[in-house]
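Text of the file input06.txt, holding compact mmCIF, N, CA and C atoms:
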# COMPACT_ATOMS: atom_id res chain seq x y z
N MET A 37 -22.85 112.20 69.19
CA MET A 37 -23.79 111.99 68.12
C MET A 37 -23.09 112.25 66.79
N ARG A 38 -23.44 111.48 65.82
CA ARG A 38 -22.87 111.65 64.49
C ARG A 38 -23.98 112.10 63.54
N LEU A 39 -23.60 112.93 62.59
CA LEU A 39 -24.57 113.48 61.65
C LEU A 39 -24.02 113.35 60.25
N GLY A 40 -24.80 112.73 59.38
CA GLY A 40 -24.44 112.65 57.96
C GLY A 40 -25.39 113.54 57.18
N GLU A 41 -24.92 114.06 56.06
CA GLU A 41 -25.75 114.94 55.26
C GLU A 41 -25.61 114.58 53.80
N LEU A 42 -26.72 114.51 53.09
CA LEU A 42 -26.73 114.26 51.66
C LEU A 42 -27.23 115.51 50.95
N GLY A 43 -26.45 116.00 50.04
CA GLY A 43 -26.86 117.18 49.27
C GLY A 43 -27.47 116.78 47.95
N GLY A 44 -28.15 117.70 47.35
CA GLY A 44 -28.74 117.47 46.04
C GLY A 44 -28.52 118.70 45.17
N GLU A 45 -28.95 118.63 43.95
CA GLU A 45 -28.87 119.70 42.97
C GLU A 45 -27.46 120.23 42.82
N VAL A 46 -27.12 121.39 43.39
CA VAL A 46 -25.76 121.94 43.22
C VAL A 46 -24.77 121.24 44.12
N GLY A 47 -25.23 120.44 45.03
CA GLY A 47 -24.34 119.74 45.94
C GLY A 47 -23.90 120.62 47.08
N ILE A 48 -23.22 120.02 48.01
CA ILE A 48 -22.78 120.74 49.20
C ILE A 48 -21.72 121.76 48.84
N ALA A 49 -20.83 121.39 47.92
CA ALA A 49 -19.73 122.29 47.56
C ALA A 49 -20.25 123.63 47.02
N GLY A 50 -21.41 123.62 46.38
CA GLY A 50 -21.93 124.84 45.77
C GLY A 50 -22.88 125.65 46.62
N ASP A 51 -23.06 125.28 47.87
CA ASP A 51 -24.04 125.98 48.70
C ASP A 51 -23.40 126.53 49.97
N ARG A 52 -23.13 127.82 49.97
CA ARG A 52 -22.45 128.47 51.11
C ARG A 52 -23.26 128.35 52.40
N ARG A 53 -24.59 128.38 52.28
CA ARG A 53 -25.43 128.26 53.47
C ARG A 53 -25.19 126.93 54.17
N LEU A 54 -25.03 125.88 53.39
CA LEU A 54 -24.76 124.58 53.98
C LEU A 54 -23.40 124.55 54.67
N HIS A 55 -22.43 125.21 54.06
CA HIS A 55 -21.10 125.27 54.70
C HIS A 55 -21.22 125.93 56.07
N ASP A 56 -21.97 127.02 56.15
CA ASP A 56 -22.14 127.71 57.44
C ASP A 56 -22.83 126.81 58.45
N LEU A 57 -23.88 126.12 58.03
CA LEU A 57 -24.60 125.22 58.92
C LEU A 57 -23.71 124.08 59.39
N ILE A 58 -22.98 123.49 58.47
CA ILE A 58 -22.09 122.39 58.80
C ILE A 58 -21.01 122.85 59.79
N ASP A 59 -20.46 124.04 59.54
CA ASP A 59 -19.44 124.59 60.46
C ASP A 59 -20.01 124.75 61.86
N ASP A 60 -21.24 125.24 61.96
CA ASP A 60 -21.87 125.41 63.28
C ASP A 60 -22.12 124.06 63.95
N LEU A 61 -22.65 123.09 63.20
CA LEU A 61 -22.93 121.78 63.77
C LEU A 61 -21.65 121.06 64.19
N ALA A 62 -20.58 121.28 63.44
CA ALA A 62 -19.31 120.60 63.72
C ALA A 62 -18.69 121.04 65.05
N LYS A 63 -19.18 122.13 65.62
CA LYS A 63 -18.68 122.56 66.92
C LYS A 63 -19.08 121.57 68.01
N ASP A 64 -20.23 120.89 67.83
CA ASP A 64 -20.75 119.98 68.84
C ASP A 64 -20.88 118.53 68.38
N TYR A 65 -20.82 118.30 67.07
CA TYR A 65 -21.06 116.97 66.52
C TYR A 65 -19.97 116.60 65.52
N PHE A 66 -19.81 115.30 65.31
CA PHE A 66 -18.99 114.81 64.21
C PHE A 66 -19.89 114.88 62.98
N VAL A 67 -19.53 115.69 62.01
CA VAL A 67 -20.37 115.89 60.82
C VAL A 67 -19.63 115.40 59.59
N LEU A 68 -20.30 114.60 58.83
CA LEU A 68 -19.76 114.09 57.58
C LEU A 68 -20.72 114.51 56.48
N ALA A 69 -20.27 115.35 55.59
CA ALA A 69 -21.13 115.86 54.51
C ALA A 69 -20.52 115.45 53.18
N SER A 70 -21.34 114.89 52.32
CA SER A 70 -20.83 114.47 51.03
C SER A 70 -21.82 114.81 49.93
N ASP A 71 -21.28 115.06 48.76
CA ASP A 71 -22.13 115.22 47.59
C ASP A 71 -22.44 113.83 47.05
N GLN A 72 -23.62 113.65 46.52
CA GLN A 72 -23.96 112.38 45.91
C GLN A 72 -23.23 112.23 44.59
N ARG A 73 -23.10 111.00 44.16
CA ARG A 73 -22.46 110.75 42.86
C ARG A 73 -23.16 111.56 41.77
N GLY A 74 -22.36 112.12 40.90
CA GLY A 74 -22.89 112.91 39.80
C GLY A 74 -23.07 114.38 40.10
N PHE A 75 -22.95 114.80 41.36
CA PHE A 75 -23.13 116.20 41.74
C PHE A 75 -21.80 116.84 42.09
N ALA A 76 -21.67 118.12 41.76
CA ALA A 76 -20.53 118.95 42.16
C ALA A 76 -19.21 118.24 41.89
N GLU A 77 -18.39 118.08 42.91
CA GLU A 77 -17.06 117.51 42.75
C GLU A 77 -17.01 116.00 42.93
N SER A 78 -18.17 115.36 43.10
CA SER A 78 -18.19 113.91 43.31
C SER A 78 -17.87 113.17 42.01
N SER A 79 -17.69 111.85 42.14
CA SER A 79 -17.45 111.03 40.95
C SER A 79 -18.69 111.04 40.06
N LYS A 80 -18.47 110.78 38.80
CA LYS A 80 -19.56 110.79 37.83
C LYS A 80 -19.47 109.54 36.96
N PRO A 81 -19.89 108.40 37.52
CA PRO A 81 -19.82 107.15 36.74
C PRO A 81 -20.70 107.25 35.49
N HIS A 82 -20.25 106.58 34.44
CA HIS A 82 -21.02 106.55 33.20
C HIS A 82 -22.11 105.49 33.28
N GLY A 83 -23.19 105.74 32.60
CA GLY A 83 -24.28 104.77 32.52
C GLY A 83 -25.39 105.05 33.51
N VAL A 84 -26.60 105.06 33.00
CA VAL A 84 -27.77 105.37 33.81
C VAL A 84 -27.95 104.37 34.96
N GLU A 85 -27.48 103.15 34.77
CA GLU A 85 -27.62 102.13 35.82
C GLU A 85 -26.85 102.50 37.09
N ASN A 86 -25.92 103.43 36.99
CA ASN A 86 -25.15 103.88 38.15
C ASN A 86 -25.85 104.97 38.95
N TYR A 87 -27.06 105.33 38.53
CA TYR A 87 -27.79 106.41 39.21
C TYR A 87 -29.15 105.99 39.72
N THR A 88 -29.39 104.70 39.84
CA THR A 88 -30.64 104.24 40.45
C THR A 88 -30.59 104.59 41.94
N PRO A 89 -31.72 104.83 42.58
CA PRO A 89 -31.72 105.29 43.97
C PRO A 89 -30.95 104.40 44.95
N ASP A 90 -30.87 103.11 44.67
CA ASP A 90 -30.13 102.23 45.59
C ASP A 90 -28.63 102.51 45.58
N ARG A 91 -28.09 103.08 44.51
CA ARG A 91 -26.65 103.35 44.42
C ARG A 91 -26.19 104.41 45.42
N PRO A 92 -26.83 105.59 45.47
CA PRO A 92 -26.38 106.55 46.48
C PRO A 92 -26.63 106.08 47.91
N VAL A 93 -27.65 105.24 48.12
CA VAL A 93 -27.85 104.67 49.46
C VAL A 93 -26.67 103.77 49.79
N ALA A 94 -26.26 102.95 48.84
CA ALA A 94 -25.09 102.09 49.05
C ALA A 94 -23.84 102.92 49.29
N ASP A 95 -23.70 104.03 48.57
CA ASP A 95 -22.56 104.93 48.79
C ASP A 95 -22.56 105.47 50.22
N LEU A 96 -23.74 105.85 50.69
CA LEU A 96 -23.87 106.38 52.05
C LEU A 96 -23.45 105.34 53.09
N ILE A 97 -23.94 104.13 52.94
CA ILE A 97 -23.61 103.06 53.89
C ILE A 97 -22.11 102.74 53.80
N ALA A 98 -21.56 102.74 52.60
CA ALA A 98 -20.11 102.50 52.45
C ALA A 98 -19.30 103.60 53.13
N LEU A 99 -19.77 104.83 53.04
CA LEU A 99 -19.08 105.94 53.71
C LEU A 99 -19.13 105.76 55.23
N ALA A 100 -20.28 105.36 55.75
CA ALA A 100 -20.40 105.10 57.18
C ALA A 100 -19.47 103.95 57.59
N GLU A 101 -19.42 102.91 56.78
CA GLU A 101 -18.53 101.79 57.05
C GLU A 101 -17.07 102.24 57.07
N HIS A 102 -16.70 103.05 56.10
CA HIS A 102 -15.32 103.55 56.01
C HIS A 102 -14.91 104.28 57.28
N TYR A 103 -15.81 105.07 57.82
CA TYR A 103 -15.52 105.84 59.04
C TYR A 103 -15.90 105.08 60.31
N ARG A 104 -16.29 103.82 60.15
CA ARG A 104 -16.67 102.95 61.28
C ARG A 104 -17.79 103.56 62.12
N ILE A 105 -18.80 104.06 61.42
CA ILE A 105 -19.96 104.66 62.08
C ILE A 105 -21.10 103.64 62.02
N ASP A 106 -21.49 103.14 63.18
CA ASP A 106 -22.53 102.11 63.22
C ASP A 106 -23.93 102.66 63.04
N HIS A 107 -24.23 103.78 63.71
CA HIS A 107 -25.55 104.40 63.58
C HIS A 107 -25.36 105.92 63.65
N PHE A 108 -26.30 106.63 63.03
CA PHE A 108 -26.13 108.08 62.90
C PHE A 108 -27.44 108.76 62.58
N THR A 109 -27.43 110.07 62.77
CA THR A 109 -28.51 110.94 62.33
C THR A 109 -28.21 111.31 60.89
N LEU A 110 -29.21 111.25 60.04
CA LEU A 110 -29.02 111.58 58.63
C LEU A 110 -29.89 112.77 58.26
N ALA A 111 -29.29 113.75 57.64
CA ALA A 111 -30.03 114.92 57.13
C ALA A 111 -29.90 114.93 55.62
N GLY A 112 -30.99 115.24 54.95
CA GLY A 112 -30.96 115.31 53.49
C GLY A 112 -31.84 116.44 53.00
N HIS A 113 -31.43 117.05 51.90
CA HIS A 113 -32.26 118.10 51.30
C HIS A 113 -32.29 117.89 49.80
N ASP A 114 -33.36 118.40 49.20
CA ASP A 114 -33.55 118.29 47.77
C ASP A 114 -33.54 116.81 47.40
N TRP A 115 -32.87 116.42 46.34
CA TRP A 115 -32.80 115.01 45.96
C TRP A 115 -32.13 114.18 47.06
N GLY A 116 -31.21 114.79 47.80
CA GLY A 116 -30.60 114.10 48.93
C GLY A 116 -31.62 113.71 49.98
N GLY A 117 -32.70 114.50 50.10
CA GLY A 117 -33.78 114.16 51.02
C GLY A 117 -34.50 112.90 50.60
N ALA A 118 -34.75 112.77 49.30
CA ALA A 118 -35.41 111.56 48.80
C ALA A 118 -34.53 110.33 49.04
N ILE A 119 -33.24 110.49 48.81
CA ILE A 119 -32.31 109.38 49.05
C ILE A 119 -32.22 109.08 50.54
N ALA A 120 -32.25 110.11 51.37
CA ALA A 120 -32.22 109.91 52.83
C ALA A 120 -33.45 109.12 53.29
N TRP A 121 -34.62 109.43 52.72
CA TRP A 121 -35.83 108.64 53.05
C TRP A 121 -35.59 107.17 52.73
N LEU A 122 -35.07 106.90 51.54
CA LEU A 122 -34.85 105.52 51.12
C LEU A 122 -33.82 104.84 52.02
N ALA A 123 -32.78 105.55 52.37
CA ALA A 123 -31.76 104.99 53.26
C ALA A 123 -32.37 104.63 54.62
N ALA A 124 -33.20 105.50 55.15
CA ALA A 124 -33.83 105.24 56.46
C ALA A 124 -34.80 104.07 56.38
N LEU A 125 -35.52 103.94 55.28
CA LEU A 125 -36.45 102.83 55.12
C LEU A 125 -35.72 101.49 55.00
N ASN A 126 -34.56 101.51 54.35
CA ASN A 126 -33.82 100.27 54.11
C ASN A 126 -32.77 99.95 55.16
N HIS A 127 -32.42 100.92 55.99
CA HIS A 127 -31.38 100.70 57.01
C HIS A 127 -31.79 101.32 58.35
N PRO A 128 -32.95 100.95 58.88
CA PRO A 128 -33.40 101.56 60.14
C PRO A 128 -32.48 101.25 61.32
N GLU A 129 -31.72 100.17 61.22
CA GLU A 129 -30.78 99.84 62.29
C GLU A 129 -29.57 100.77 62.32
N ARG A 130 -29.33 101.49 61.22
CA ARG A 130 -28.18 102.39 61.12
C ARG A 130 -28.56 103.85 61.35
N ILE A 131 -29.75 104.22 60.87
CA ILE A 131 -30.15 105.63 60.90
C ILE A 131 -31.10 105.83 62.07
N THR A 132 -30.62 106.52 63.10
CA THR A 132 -31.39 106.69 64.34
C THR A 132 -32.34 107.87 64.29
N ARG A 133 -31.98 108.88 63.51
CA ARG A 133 -32.83 110.06 63.33
C ARG A 133 -32.73 110.50 61.88
N LEU A 134 -33.81 111.09 61.39
CA LEU A 134 -33.85 111.53 60.00
C LEU A 134 -34.32 112.96 59.94
N ILE A 135 -33.57 113.80 59.25
CA ILE A 135 -33.92 115.21 59.07
C ILE A 135 -34.06 115.44 57.57
N ILE A 136 -35.23 115.88 57.14
CA ILE A 136 -35.47 116.14 55.72
C ILE A 136 -35.80 117.62 55.55
N VAL A 137 -35.12 118.25 54.62
CA VAL A 137 -35.34 119.67 54.35
C VAL A 137 -35.60 119.84 52.85
N ILE A 138 -36.73 120.43 52.53
CA ILE A 138 -37.11 120.73 51.16
C ILE A 138 -36.94 119.52 50.25
N ALA A 139 -37.67 118.47 50.55
CA ALA A 139 -37.63 117.27 49.71
C ALA A 139 -38.97 116.56 49.81
N PRO A 140 -39.44 116.03 48.70
CA PRO A 140 -40.70 115.29 48.74
C PRO A 140 -40.49 113.91 49.32
N PHE A 141 -41.55 113.36 49.90
CA PHE A 141 -41.53 111.96 50.31
C PHE A 141 -42.00 111.18 49.10
N VAL A 142 -41.07 110.56 48.40
CA VAL A 142 -41.39 109.92 47.13
C VAL A 142 -41.72 108.43 47.28
N PHE A 143 -41.82 107.96 48.51
CA PHE A 143 -42.06 106.54 48.72
C PHE A 143 -43.43 106.29 49.33
N GLN A 144 -44.42 107.10 48.96
CA GLN A 144 -45.76 106.99 49.52
C GLN A 144 -46.33 105.59 49.35
N LYS A 145 -46.08 104.96 48.22
CA LYS A 145 -46.65 103.64 47.96
C LYS A 145 -46.15 102.61 48.97
N THR A 146 -44.99 102.84 49.53
CA THR A 146 -44.44 101.93 50.53
C THR A 146 -45.36 101.83 51.74
N PHE A 147 -46.02 102.94 52.09
CA PHE A 147 -46.84 102.99 53.28
C PHE A 147 -48.33 102.94 52.98
N ARG A 148 -48.71 102.90 51.74
CA ARG A 148 -50.11 102.91 51.38
C ARG A 148 -50.75 101.55 51.68
N ARG A 149 -51.90 101.60 52.30
CA ARG A 149 -52.64 100.36 52.56
C ARG A 149 -53.25 99.85 51.26
N PRO A 150 -53.48 98.55 51.19
CA PRO A 150 -54.16 98.05 50.00
C PRO A 150 -55.54 98.65 49.88
N ALA A 151 -55.97 98.85 48.69
CA ALA A 151 -57.31 99.41 48.47
C ALA A 151 -58.36 98.44 48.98
N PRO A 152 -59.45 98.97 49.56
CA PRO A 152 -60.51 98.07 50.02
C PRO A 152 -61.15 97.35 48.83
N ALA A 153 -61.69 96.20 49.11
CA ALA A 153 -62.37 95.43 48.06
C ALA A 153 -63.54 96.23 47.53
N PRO A 154 -63.76 96.19 46.23
CA PRO A 154 -64.89 96.93 45.66
C PRO A 154 -66.22 96.34 46.13
N PHE A 155 -67.24 97.19 46.13
CA PHE A 155 -68.59 96.72 46.49
C PHE A 155 -69.08 95.77 45.41
N PRO A 156 -69.79 94.72 45.81
CA PRO A 156 -70.35 93.81 44.79
C PRO A 156 -71.40 94.56 43.96
N THR A 157 -71.45 94.25 42.73
CA THR A 157 -72.44 94.91 41.84
C THR A 157 -73.57 93.98 41.51
Rewrite the coordinates I just gave you, this time as structure tokens.
Amino acid sequence: MRLGELGGEVGIAGDRRLHDLIDDLAKDYFVLASDQRGFAESSKPHGVENYTPDRPVADLIALAEHYRIDHFTLAGHDWGGAIAWLAALNHPERITRLIIVIAPFVFQKTFRRPAPAPFPT
């Protein structure tokens, strides 16, 4: 089984607890943990257009492609959790399991049913 992880806020590099968890998981799984663009030691492209939610999803898929990982379990926390939700919604053929820790589900409208027709007046 393969496990990918997306960090948020301080990033993976800044969170010792995540290092401990990753070390434990790596005993049994192939674990790939990366900071999202703009966080910690990751690249920091200029321009707000480089930070739309589709960009880190594309980064994630490119990372999986680089390591020749066809499908994987994805874990995300904080802002990484929101991006993980979007990745799973847009790439269900790649993401077999999703683990979200301390992150809101920001895509509620995606699953919301249309409002019922109003009563005639």
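Here atom C of Asn126 (chain A) stands at a distance of 27.4 Å from atom N of Asp59 (chain A).
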(request) List the neighbours of Ala120 (chain A) out to 8 Å using only N, CA and C atoms; skip same-chain residues closer than 6 positions along the sequence, and give me the result as a PyMOL selection string. (result) chain A and resi 42+92-93+110-114+126+134-136
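Closest to Leu125 (chain A) among A:Asp90, A:Ala76, A:Arg104, A:Asp64 is A:Asp90, based on only C-alpha atoms.
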With 3 Å on each side, where is the centre of the axis-aligned box around all listed atoms of region 59-74 of chain A, and how long are its edges in Å to one decimal, as AutoDock Vina command-line options?
--center_x -21.3 --center_y 118.1 --center_z 54.3 --size_x 11.3 --size_y 20.7 --size_z 35.0
(message) Please return, as a ChimeraX atom specification, all residues of region 79-130 of chain A that DSSP assigns to strand (DSSP E) on the basis of the backbone.
(response) /A:108-113
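The coordinates place atom N of Lys80 (chain A) at 12.3 Å from CA of Asp95 (chain A).
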(request) Between A:Leu99, A:Ile58, A:Ala139, A:Ile131, single out the one closest to Ala118 (chain A), counting only C-alpha atoms. (result) A:Ala139
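One distance worth recording is that between atom C of Phe108 (chain A) and CA of Asn86 (chain A), which is 25.0 Å.
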(message) Which residues are close to His107 (chain A), i.e. within 6 Å by all atoms listed in the file, leaving aside same-chain residues fewer than 2 positions away? Reply as a list in words.
(response) Ile105, Thr109, Glu129, Arg130, Ile131 and Thr132 of chain A
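Residues of region 47-104 of chain A carrying a DSSP assignment of helix (DSSP H, G or I), computed from the backbone, are Arg52, Arg53, Leu54, His55, Asp56, Leu57, Ile58, Asp59, Asp60, Leu61, Val84, Glu85, Asn86, Tyr87, Asp90, Arg91, Pro92, Val93, Ala94, Asp95, Leu96, Ile97, Ala98, Leu99, Ala100, Glu101 and His102 of chain A.
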